[in-house]
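For reference, final_16.cif is printed below; it contains mmCIF, N, CA and C atoms.
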data_start
loop_
_atom_site.label_atom_id
_atom_site.label_comp_id
_atom_site.auth_asym_id
_atom_site.auth_seq_id
_atom_site.Cartn_x
_atom_site.Cartn_y
_atom_site.Cartn_z
N MET A 1 18.73 101.20 -112.41
CA MET A 1 19.54 101.95 -111.47
C MET A 1 18.78 103.19 -111.05
N PRO A 2 18.77 103.51 -109.75
CA PRO A 2 18.07 104.70 -109.28
C PRO A 2 18.61 105.97 -109.91
N ALA A 3 17.76 106.97 -109.98
CA ALA A 3 18.18 108.25 -110.54
C ALA A 3 19.13 108.95 -109.57
N GLY A 4 19.94 109.85 -110.09
CA GLY A 4 20.84 110.61 -109.24
C GLY A 4 22.29 110.22 -109.48
N LYS A 5 23.16 110.91 -108.78
CA LYS A 5 24.58 110.70 -108.94
C LYS A 5 25.06 109.58 -108.01
N LEU A 6 25.82 108.64 -108.56
CA LEU A 6 26.33 107.52 -107.78
C LEU A 6 27.63 107.92 -107.09
N ALA A 7 27.73 107.61 -105.80
CA ALA A 7 28.96 107.89 -105.06
C ALA A 7 29.25 106.72 -104.14
N TYR A 8 30.53 106.46 -103.94
CA TYR A 8 30.98 105.45 -102.99
C TYR A 8 31.74 106.16 -101.87
N ILE A 9 31.38 105.86 -100.64
CA ILE A 9 32.03 106.48 -99.50
C ILE A 9 32.52 105.36 -98.58
N PHE A 10 33.83 105.33 -98.30
CA PHE A 10 34.38 104.32 -97.41
C PHE A 10 34.31 104.80 -95.97
N LEU A 11 33.79 103.96 -95.11
CA LEU A 11 33.69 104.25 -93.67
C LEU A 11 34.37 103.10 -92.93
N GLY A 12 35.67 103.14 -92.83
CA GLY A 12 36.40 102.03 -92.21
C GLY A 12 36.27 100.79 -93.07
N THR A 13 35.62 99.76 -92.53
CA THR A 13 35.45 98.53 -93.30
C THR A 13 34.09 98.49 -93.99
N LEU A 14 33.35 99.56 -93.93
CA LEU A 14 32.06 99.60 -94.61
C LEU A 14 32.16 100.48 -95.85
N LEU A 15 31.46 100.10 -96.86
CA LEU A 15 31.38 100.89 -98.07
C LEU A 15 29.94 101.36 -98.21
N LEU A 16 29.74 102.65 -98.25
CA LEU A 16 28.42 103.21 -98.43
C LEU A 16 28.25 103.54 -99.91
N LYS A 17 27.25 102.94 -100.52
CA LYS A 17 26.96 103.19 -101.93
C LYS A 17 25.74 104.11 -101.95
N TYR A 18 25.88 105.30 -102.51
CA TYR A 18 24.84 106.31 -102.40
C TYR A 18 24.47 106.90 -103.76
N TRP A 19 23.18 106.98 -104.01
CA TRP A 19 22.69 107.71 -105.18
C TRP A 19 22.08 108.99 -104.66
N GLY A 20 22.64 110.12 -105.03
CA GLY A 20 22.18 111.41 -104.53
C GLY A 20 20.85 111.83 -105.12
N SER A 21 20.36 112.95 -104.66
CA SER A 21 19.13 113.56 -105.14
C SER A 21 17.98 112.56 -105.22
N LYS A 22 17.35 112.31 -104.09
CA LYS A 22 16.20 111.42 -103.99
C LYS A 22 16.56 109.97 -104.30
N GLY A 23 17.82 109.64 -104.16
CA GLY A 23 18.25 108.27 -104.41
C GLY A 23 18.21 107.45 -103.14
N ALA A 24 18.87 106.36 -103.16
CA ALA A 24 18.89 105.46 -102.01
C ALA A 24 20.33 105.24 -101.56
N ALA A 25 20.49 104.84 -100.34
CA ALA A 25 21.82 104.53 -99.82
C ALA A 25 21.85 103.07 -99.41
N TYR A 26 22.91 102.41 -99.71
CA TYR A 26 23.10 101.01 -99.33
C TYR A 26 24.45 100.87 -98.64
N ILE A 27 24.49 100.10 -97.58
CA ILE A 27 25.76 99.82 -96.93
C ILE A 27 26.21 98.43 -97.36
N ILE A 28 27.43 98.37 -97.82
CA ILE A 28 27.99 97.12 -98.31
C ILE A 28 29.22 96.79 -97.46
N LEU A 29 29.30 95.59 -96.94
CA LEU A 29 30.52 95.19 -96.26
C LEU A 29 31.62 95.10 -97.28
N HIS A 30 32.77 95.63 -96.96
CA HIS A 30 33.87 95.65 -97.90
C HIS A 30 35.14 95.30 -97.14
N SER A 31 35.70 94.15 -97.43
CA SER A 31 36.89 93.71 -96.74
C SER A 31 38.13 94.24 -97.44
N THR A 32 39.11 94.70 -96.67
CA THR A 32 40.35 95.18 -97.24
C THR A 32 41.47 94.19 -96.89
N THR A 33 42.62 94.36 -97.53
CA THR A 33 43.77 93.52 -97.23
C THR A 33 44.12 93.61 -95.76
N ILE A 34 44.09 94.81 -95.21
CA ILE A 34 44.44 95.01 -93.80
C ILE A 34 43.43 94.30 -92.90
N ASP A 35 42.14 94.42 -93.21
CA ASP A 35 41.11 93.73 -92.43
C ASP A 35 41.35 92.22 -92.44
N ALA A 36 41.65 91.68 -93.62
CA ALA A 36 41.87 90.25 -93.75
C ALA A 36 43.04 89.81 -92.88
N PHE A 37 44.15 90.53 -92.96
CA PHE A 37 45.33 90.16 -92.20
C PHE A 37 45.09 90.28 -90.69
N ILE A 38 44.53 91.41 -90.25
CA ILE A 38 44.29 91.63 -88.82
C ILE A 38 43.29 90.61 -88.28
N GLY A 39 42.21 90.38 -88.99
CA GLY A 39 41.20 89.42 -88.54
C GLY A 39 41.76 88.01 -88.41
N VAL A 40 42.52 87.57 -89.41
CA VAL A 40 43.10 86.23 -89.36
C VAL A 40 44.16 86.15 -88.26
N SER A 41 44.99 87.18 -88.14
CA SER A 41 46.00 87.18 -87.10
C SER A 41 45.35 87.09 -85.71
N ASN A 42 44.31 87.87 -85.49
CA ASN A 42 43.59 87.81 -84.21
C ASN A 42 43.00 86.43 -83.97
N TYR A 43 42.40 85.86 -85.01
CA TYR A 43 41.84 84.51 -84.89
C TYR A 43 42.93 83.50 -84.52
N CYS A 44 44.06 83.56 -85.22
CA CYS A 44 45.15 82.60 -84.99
C CYS A 44 45.73 82.74 -83.59
N HIS A 45 45.83 83.98 -83.11
CA HIS A 45 46.37 84.18 -81.76
C HIS A 45 45.39 83.71 -80.69
N SER A 46 44.11 83.63 -81.00
CA SER A 46 43.15 83.14 -80.01
C SER A 46 42.91 81.63 -80.14
N ALA A 47 43.09 81.07 -81.34
CA ALA A 47 42.77 79.66 -81.57
C ALA A 47 43.95 78.72 -81.41
N TYR A 48 45.18 79.20 -81.57
CA TYR A 48 46.35 78.34 -81.55
C TYR A 48 47.28 78.71 -80.40
N ASP A 49 48.00 77.72 -79.92
CA ASP A 49 48.97 77.91 -78.85
C ASP A 49 50.27 78.45 -79.44
N TRP A 50 50.64 79.66 -79.07
CA TRP A 50 51.85 80.32 -79.59
C TRP A 50 53.05 80.17 -78.65
N SER A 51 52.94 79.38 -77.61
CA SER A 51 54.05 79.26 -76.66
C SER A 51 55.32 78.72 -77.31
N ALA A 52 55.19 77.88 -78.33
CA ALA A 52 56.36 77.35 -79.03
C ALA A 52 57.14 78.45 -79.74
N ALA A 53 56.48 79.55 -80.04
CA ALA A 53 57.13 80.64 -80.77
C ALA A 53 57.82 81.65 -79.85
N GLU A 54 57.68 81.47 -78.53
CA GLU A 54 58.28 82.43 -77.61
C GLU A 54 59.80 82.46 -77.73
N GLU A 55 60.42 81.30 -77.85
CA GLU A 55 61.88 81.25 -77.98
C GLU A 55 62.34 81.33 -79.43
N ASN A 56 61.48 80.97 -80.35
CA ASN A 56 61.83 80.99 -81.78
C ASN A 56 60.65 81.58 -82.56
N PRO A 57 60.54 82.91 -82.59
CA PRO A 57 59.37 83.56 -83.21
C PRO A 57 59.15 83.23 -84.69
N SER A 58 60.21 82.86 -85.41
CA SER A 58 60.04 82.58 -86.84
C SER A 58 59.40 81.22 -87.12
N ILE A 59 59.18 80.42 -86.07
CA ILE A 59 58.60 79.09 -86.27
C ILE A 59 57.09 79.15 -86.54
N MET A 60 56.45 80.24 -86.11
CA MET A 60 55.01 80.44 -86.34
C MET A 60 54.80 81.86 -86.86
N TYR A 61 53.95 81.99 -87.86
CA TYR A 61 53.70 83.32 -88.40
C TYR A 61 52.40 83.37 -89.18
N VAL A 62 51.95 84.58 -89.44
CA VAL A 62 50.80 84.86 -90.31
C VAL A 62 51.31 85.78 -91.40
N GLU A 63 50.98 85.48 -92.66
CA GLU A 63 51.40 86.32 -93.77
C GLU A 63 50.33 86.34 -94.85
N MET A 64 50.37 87.36 -95.68
CA MET A 64 49.44 87.45 -96.80
C MET A 64 49.84 86.44 -97.86
N GLY A 65 48.83 85.82 -98.46
CA GLY A 65 49.04 84.90 -99.57
C GLY A 65 48.57 85.54 -100.86
N ASP A 66 47.99 84.74 -101.72
CA ASP A 66 47.52 85.21 -103.02
C ASP A 66 46.24 86.04 -102.88
N GLU A 67 45.98 86.85 -103.89
CA GLU A 67 44.75 87.63 -103.97
C GLU A 67 44.10 87.37 -105.31
N THR A 68 42.78 87.15 -105.29
CA THR A 68 42.02 87.02 -106.52
C THR A 68 41.04 88.19 -106.59
N ASP A 69 40.22 88.22 -107.62
CA ASP A 69 39.22 89.28 -107.74
C ASP A 69 38.21 89.23 -106.60
N SER A 70 37.98 88.03 -106.04
CA SER A 70 36.94 87.88 -105.03
C SER A 70 37.42 87.57 -103.62
N ALA A 71 38.71 87.25 -103.45
CA ALA A 71 39.17 86.85 -102.12
C ALA A 71 40.62 87.21 -101.85
N TYR A 72 40.90 87.39 -100.56
CA TYR A 72 42.27 87.52 -100.07
C TYR A 72 42.63 86.19 -99.42
N GLN A 73 43.87 85.79 -99.55
CA GLN A 73 44.32 84.60 -98.84
C GLN A 73 45.35 85.02 -97.79
N VAL A 74 45.14 84.55 -96.58
CA VAL A 74 46.07 84.78 -95.49
C VAL A 74 46.53 83.41 -95.02
N VAL A 75 47.84 83.27 -94.78
CA VAL A 75 48.41 81.97 -94.45
C VAL A 75 49.00 81.99 -93.04
N PHE A 76 48.63 80.98 -92.27
CA PHE A 76 49.21 80.78 -90.94
C PHE A 76 50.12 79.56 -91.00
N ARG A 77 51.34 79.69 -90.48
CA ARG A 77 52.25 78.55 -90.38
C ARG A 77 52.37 78.17 -88.92
N SER A 78 52.09 76.90 -88.64
CA SER A 78 52.18 76.37 -87.29
C SER A 78 53.59 75.89 -86.99
N TYR A 79 53.93 75.80 -85.72
CA TYR A 79 55.24 75.28 -85.33
C TYR A 79 55.44 73.83 -85.78
N THR A 80 54.35 73.13 -86.10
CA THR A 80 54.45 71.74 -86.57
C THR A 80 54.83 71.65 -88.05
N GLY A 81 54.81 72.79 -88.74
CA GLY A 81 55.10 72.80 -90.17
C GLY A 81 53.85 72.78 -91.02
N ALA A 82 52.69 72.64 -90.39
CA ALA A 82 51.42 72.68 -91.12
C ALA A 82 51.09 74.12 -91.50
N PHE A 83 50.33 74.27 -92.58
CA PHE A 83 49.86 75.57 -93.02
C PHE A 83 48.35 75.60 -92.96
N VAL A 84 47.80 76.73 -92.56
CA VAL A 84 46.35 76.92 -92.56
C VAL A 84 46.07 78.10 -93.48
N TYR A 85 45.27 77.84 -94.52
CA TYR A 85 44.94 78.87 -95.50
C TYR A 85 43.56 79.44 -95.19
N PHE A 86 43.51 80.75 -95.06
CA PHE A 86 42.26 81.47 -94.80
C PHE A 86 41.92 82.24 -96.07
N ASN A 87 40.81 81.88 -96.71
CA ASN A 87 40.36 82.56 -97.93
C ASN A 87 39.20 83.48 -97.57
N VAL A 88 39.51 84.79 -97.51
CA VAL A 88 38.57 85.80 -97.04
C VAL A 88 37.82 86.39 -98.23
N ASP A 89 36.51 86.18 -98.29
CA ASP A 89 35.68 86.73 -99.35
C ASP A 89 35.67 88.25 -99.21
N LYS A 90 36.04 88.96 -100.25
CA LYS A 90 36.14 90.42 -100.21
C LYS A 90 34.80 91.10 -99.96
N SER A 91 33.72 90.55 -100.45
CA SER A 91 32.45 91.25 -100.33
C SER A 91 31.70 90.92 -99.05
N SER A 92 31.90 89.72 -98.48
CA SER A 92 31.11 89.34 -97.31
C SER A 92 31.92 89.18 -96.03
N GLY A 93 33.21 88.92 -96.15
CA GLY A 93 34.03 88.65 -94.97
C GLY A 93 34.00 87.20 -94.55
N THR A 94 33.15 86.39 -95.19
CA THR A 94 33.12 84.96 -94.89
C THR A 94 34.46 84.35 -95.25
N THR A 95 35.02 83.58 -94.34
CA THR A 95 36.37 83.08 -94.50
C THR A 95 36.39 81.56 -94.44
N LYS A 96 36.79 80.94 -95.53
CA LYS A 96 36.91 79.48 -95.58
C LYS A 96 38.32 79.10 -95.14
N ILE A 97 38.40 78.08 -94.30
CA ILE A 97 39.68 77.65 -93.74
C ILE A 97 40.04 76.27 -94.27
N GLU A 98 41.29 76.15 -94.75
CA GLU A 98 41.79 74.87 -95.24
C GLU A 98 43.15 74.60 -94.61
N GLU A 99 43.31 73.41 -94.04
CA GLU A 99 44.58 73.02 -93.44
C GLU A 99 45.36 72.15 -94.41
N TYR A 100 46.68 72.33 -94.41
CA TYR A 100 47.56 71.54 -95.28
C TYR A 100 48.78 71.11 -94.49
N VAL A 101 49.04 69.80 -94.49
CA VAL A 101 50.21 69.23 -93.83
C VAL A 101 51.16 68.74 -94.92
N PRO A 102 52.20 69.52 -95.24
CA PRO A 102 53.10 69.16 -96.34
C PRO A 102 53.79 67.81 -96.16
N ALA A 103 54.17 67.47 -94.94
CA ALA A 103 54.88 66.21 -94.70
C ALA A 103 54.04 64.99 -95.08
N LEU A 104 52.73 65.12 -94.97
CA LEU A 104 51.81 64.03 -95.31
C LEU A 104 51.07 64.27 -96.62
N ASN A 105 51.24 65.47 -97.19
CA ASN A 105 50.52 65.89 -98.39
C ASN A 105 49.00 65.72 -98.21
N VAL A 106 48.52 66.20 -97.06
CA VAL A 106 47.10 66.07 -96.72
C VAL A 106 46.49 67.45 -96.60
N ARG A 107 45.36 67.64 -97.29
CA ARG A 107 44.57 68.88 -97.20
C ARG A 107 43.22 68.53 -96.60
N SER A 108 42.72 69.43 -95.75
CA SER A 108 41.39 69.18 -95.19
C SER A 108 40.67 70.50 -94.95
N ASP A 109 39.35 70.44 -95.13
CA ASP A 109 38.49 71.60 -94.87
C ASP A 109 38.39 71.76 -93.36
N ALA A 110 38.64 72.97 -92.87
CA ALA A 110 38.61 73.20 -91.43
C ALA A 110 37.49 74.15 -91.01
N GLY A 111 36.53 74.39 -91.88
CA GLY A 111 35.38 75.20 -91.51
C GLY A 111 35.38 76.60 -92.08
N THR A 112 34.53 77.43 -91.48
CA THR A 112 34.31 78.80 -91.94
C THR A 112 34.17 79.71 -90.73
N ILE A 113 34.71 80.92 -90.84
CA ILE A 113 34.51 81.95 -89.82
C ILE A 113 34.08 83.24 -90.51
N GLU A 114 33.58 84.16 -89.72
CA GLU A 114 33.27 85.50 -90.22
C GLU A 114 34.40 86.41 -89.76
N ILE A 115 35.18 86.93 -90.69
CA ILE A 115 36.38 87.70 -90.36
C ILE A 115 36.07 88.93 -89.53
N TYR A 116 34.88 89.53 -89.72
CA TYR A 116 34.53 90.74 -88.98
C TYR A 116 34.37 90.47 -87.49
N ASP A 117 34.13 89.19 -87.10
CA ASP A 117 34.04 88.84 -85.69
C ASP A 117 35.40 88.95 -84.99
N TYR A 118 36.48 89.01 -85.76
CA TYR A 118 37.82 89.00 -85.18
C TYR A 118 38.61 90.30 -85.39
N LEU A 119 37.98 91.32 -85.92
CA LEU A 119 38.70 92.57 -86.17
C LEU A 119 38.99 93.34 -84.89
N ASN A 120 38.16 93.25 -83.90
CA ASN A 120 38.37 94.01 -82.65
C ASN A 120 38.88 93.14 -81.52
N THR A 121 39.22 91.90 -81.81
CA THR A 121 39.70 90.97 -80.80
C THR A 121 41.14 91.30 -80.43
N LYS A 122 41.44 91.33 -79.16
CA LYS A 122 42.81 91.55 -78.69
C LYS A 122 43.43 90.20 -78.38
N HIS A 123 44.69 90.04 -78.77
CA HIS A 123 45.38 88.79 -78.46
C HIS A 123 46.55 89.04 -77.54
#
Structure re-expressed in structure tokens:
Amino acid sequence: MPAGKLAYIFLGTLLLKYWGSKGAAYIILHSTTIDAFIGVSNYCHSAYDWSAAEENPSIMYVEMGDETDSAYQVVFRSYTGAFVYFNVDKSSGTTKIEEYVPALNVRSDAGTIEIYDYLNTKH
């Protein structure tokens, strides 16, 4: 470990790890619960048709799921009754997507996105 005093400074979604007095500074991507929710919500509003929810808003939604030491889970419910699970890696923002259709008991891998690509997206 470099010499000097270790400090962590949060800058929005970035974490600056700094060793003072002739030390080094490193920028680490750091995902928060809010980032995970906003990024997934923005993604869902751009990727899925929400017109079915205009008359019945409770038929489609995005909500926080479970949290582990390494990931946040955000859940999207479609008007069809299917669920899409977004597992957001806390350290990188890489988000694995899994779809689940309860009526058929079918799970499928739906790819990966980078959550930081969707933080500034307007829906």
Practice item. Using the chain letters and numbering of this document, enumerate as a PyMOL selection string the residues selected by the PyMOL selection byres ((chain A and resi 100-104) around 8). Key: chain A and resi 80-85+97-99+105-109
Exercise for review: Tell me which of A:Gly111, A:Lys90, A:Asp49, A:Ile38 sits closest to Asp69 (chain A), counting all atoms listed in the file.
Suggested key: A:Lys90
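Minimum atom-to-atom distance to Asp35 (chain A), evaluated using only C-alpha atoms, belongs to A:Met64 out of A:Tyr79, A:Ser70, A:Ile59, A:Met64.
One finds atom C of Gln73 (chain A) at 5.6 Å from CA of Phe86 (chain A).
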Need the neighbours of (35.4, 84.2, -85.5): which residues are at most 10 Å away, counting only C-alpha atoms, as a PDB file with N, CA and C atoms, keeping the file's coordinate frame?
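As written to disk, point00.pdb reads:
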ATOM      1  N   GLY A  39      42.210  90.380 -88.990  1.00  0.00           N
ATOM      2  CA  GLY A  39      41.200  89.420 -88.540  1.00  0.00           C
ATOM      3  C   GLY A  39      41.760  88.010 -88.410  1.00  0.00           C
ATOM      4  N   VAL A  40      42.520  87.570 -89.410  1.00  0.00           N
ATOM      5  CA  VAL A  40      43.100  86.230 -89.360  1.00  0.00           C
ATOM      6  C   VAL A  40      44.160  86.150 -88.260  1.00  0.00           C
ATOM      7  N   ASN A  42      44.310  87.870 -85.490  1.00  0.00           N
ATOM      8  CA  ASN A  42      43.590  87.810 -84.210  1.00  0.00           C
ATOM      9  C   ASN A  42      43.000  86.430 -83.970  1.00  0.00           C
ATOM     10  N   TYR A  43      42.400  85.860 -85.010  1.00  0.00           N
ATOM     11  CA  TYR A  43      41.840  84.510 -84.890  1.00  0.00           C
ATOM     12  C   TYR A  43      42.930  83.500 -84.520  1.00  0.00           C
ATOM     13  N   CYS A  44      44.060  83.560 -85.220  1.00  0.00           N
ATOM     14  CA  CYS A  44      45.150  82.600 -84.990  1.00  0.00           C
ATOM     15  C   CYS A  44      45.730  82.740 -83.590  1.00  0.00           C
ATOM     16  N   SER A  46      44.110  83.630 -81.000  1.00  0.00           N
ATOM     17  CA  SER A  46      43.150  83.140 -80.010  1.00  0.00           C
ATOM     18  C   SER A  46      42.910  81.630 -80.140  1.00  0.00           C
ATOM     19  N   ALA A  47      43.090  81.070 -81.340  1.00  0.00           N
ATOM     20  CA  ALA A  47      42.770  79.660 -81.570  1.00  0.00           C
ATOM     21  C   ALA A  47      43.950  78.720 -81.410  1.00  0.00           C
ATOM     22  N   THR A  94      33.150  86.390 -95.190  1.00  0.00           N
ATOM     23  CA  THR A  94      33.120  84.960 -94.890  1.00  0.00           C
ATOM     24  C   THR A  94      34.460  84.350 -95.250  1.00  0.00           C
ATOM     25  N   THR A  95      35.020  83.580 -94.340  1.00  0.00           N
ATOM     26  CA  THR A  95      36.370  83.080 -94.500  1.00  0.00           C
ATOM     27  C   THR A  95      36.390  81.560 -94.440  1.00  0.00           C
ATOM     28  N   THR A 112      34.530  77.430 -91.480  1.00  0.00           N
ATOM     29  CA  THR A 112      34.310  78.800 -91.940  1.00  0.00           C
ATOM     30  C   THR A 112      34.170  79.710 -90.730  1.00  0.00           C
ATOM     31  N   ILE A 113      34.710  80.920 -90.840  1.00  0.00           N
ATOM     32  CA  ILE A 113      34.510  81.950 -89.820  1.00  0.00           C
ATOM     33  C   ILE A 113      34.080  83.240 -90.510  1.00  0.00           C
ATOM     34  N   GLU A 114      33.580  84.160 -89.720  1.00  0.00           N
ATOM     35  CA  GLU A 114      33.270  85.500 -90.220  1.00  0.00           C
ATOM     36  C   GLU A 114      34.400  86.410 -89.760  1.00  0.00           C
ATOM     37  N   ILE A 115      35.180  86.930 -90.690  1.00  0.00           N
ATOM     38  CA  ILE A 115      36.380  87.700 -90.360  1.00  0.00           C
ATOM     39  C   ILE A 115      36.070  88.930 -89.530  1.00  0.00           C
ATOM     40  N   TYR A 116      34.880  89.530 -89.720  1.00  0.00           N
ATOM     41  CA  TYR A 116      34.530  90.740 -88.980  1.00  0.00           C
ATOM     42  C   TYR A 116      34.370  90.470 -87.490  1.00  0.00           C
ATOM     43  N   ASP A 117      34.130  89.190 -87.100  1.00  0.00           N
ATOM     44  CA  ASP A 117      34.040  88.840 -85.690  1.00  0.00           C
ATOM     45  C   ASP A 117      35.400  88.950 -84.990  1.00  0.00           C
ATOM     46  N   TYR A 118      36.480  89.010 -85.760  1.00  0.00           N
ATOM     47  CA  TYR A 118      37.820  89.000 -85.180  1.00  0.00           C
ATOM     48  C   TYR A 118      38.610  90.300 -85.390  1.00  0.00           C
ATOM     49  N   LEU A 119      37.980  91.320 -85.920  1.00  0.00           N
ATOM     50  CA  LEU A 119      38.700  92.570 -86.170  1.00  0.00           C
ATOM     51  C   LEU A 119      38.990  93.340 -84.890  1.00  0.00           C
ATOM     52  N   THR A 121      39.220  91.900 -81.810  1.00  0.00           N
ATOM     53  CA  THR A 121      39.700  90.970 -80.800  1.00  0.00           C
ATOM     54  C   THR A 121      41.140  91.300 -80.430  1.00  0.00           C
TER      55      THR A 121
END
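Between atom N of Ser78 (chain A) and CA of Met60 (chain A) the separation is 5.1 Å.
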Practice item. May I ask for the distance between atom N of Ser51 (chain A) and CA of Ala71 (chain A), given in Å to one decimal place? Key: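 Taking atom N of Ser51 (chain A) and CA of Ala71 (chain A), their separation equals 29.1 Å.
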Around all listed atoms of region 76-87 of chain A, padded 5 Å per side, what centre and edge lengths does the axis-aligned box have in Å to one decimal, as lines of an AutoDock Vina configuration file?
center_x = 47.3
center_y = 77.6
center_z = -91.6
size_x = 26.2
size_y = 21.8
size_z = 22.6
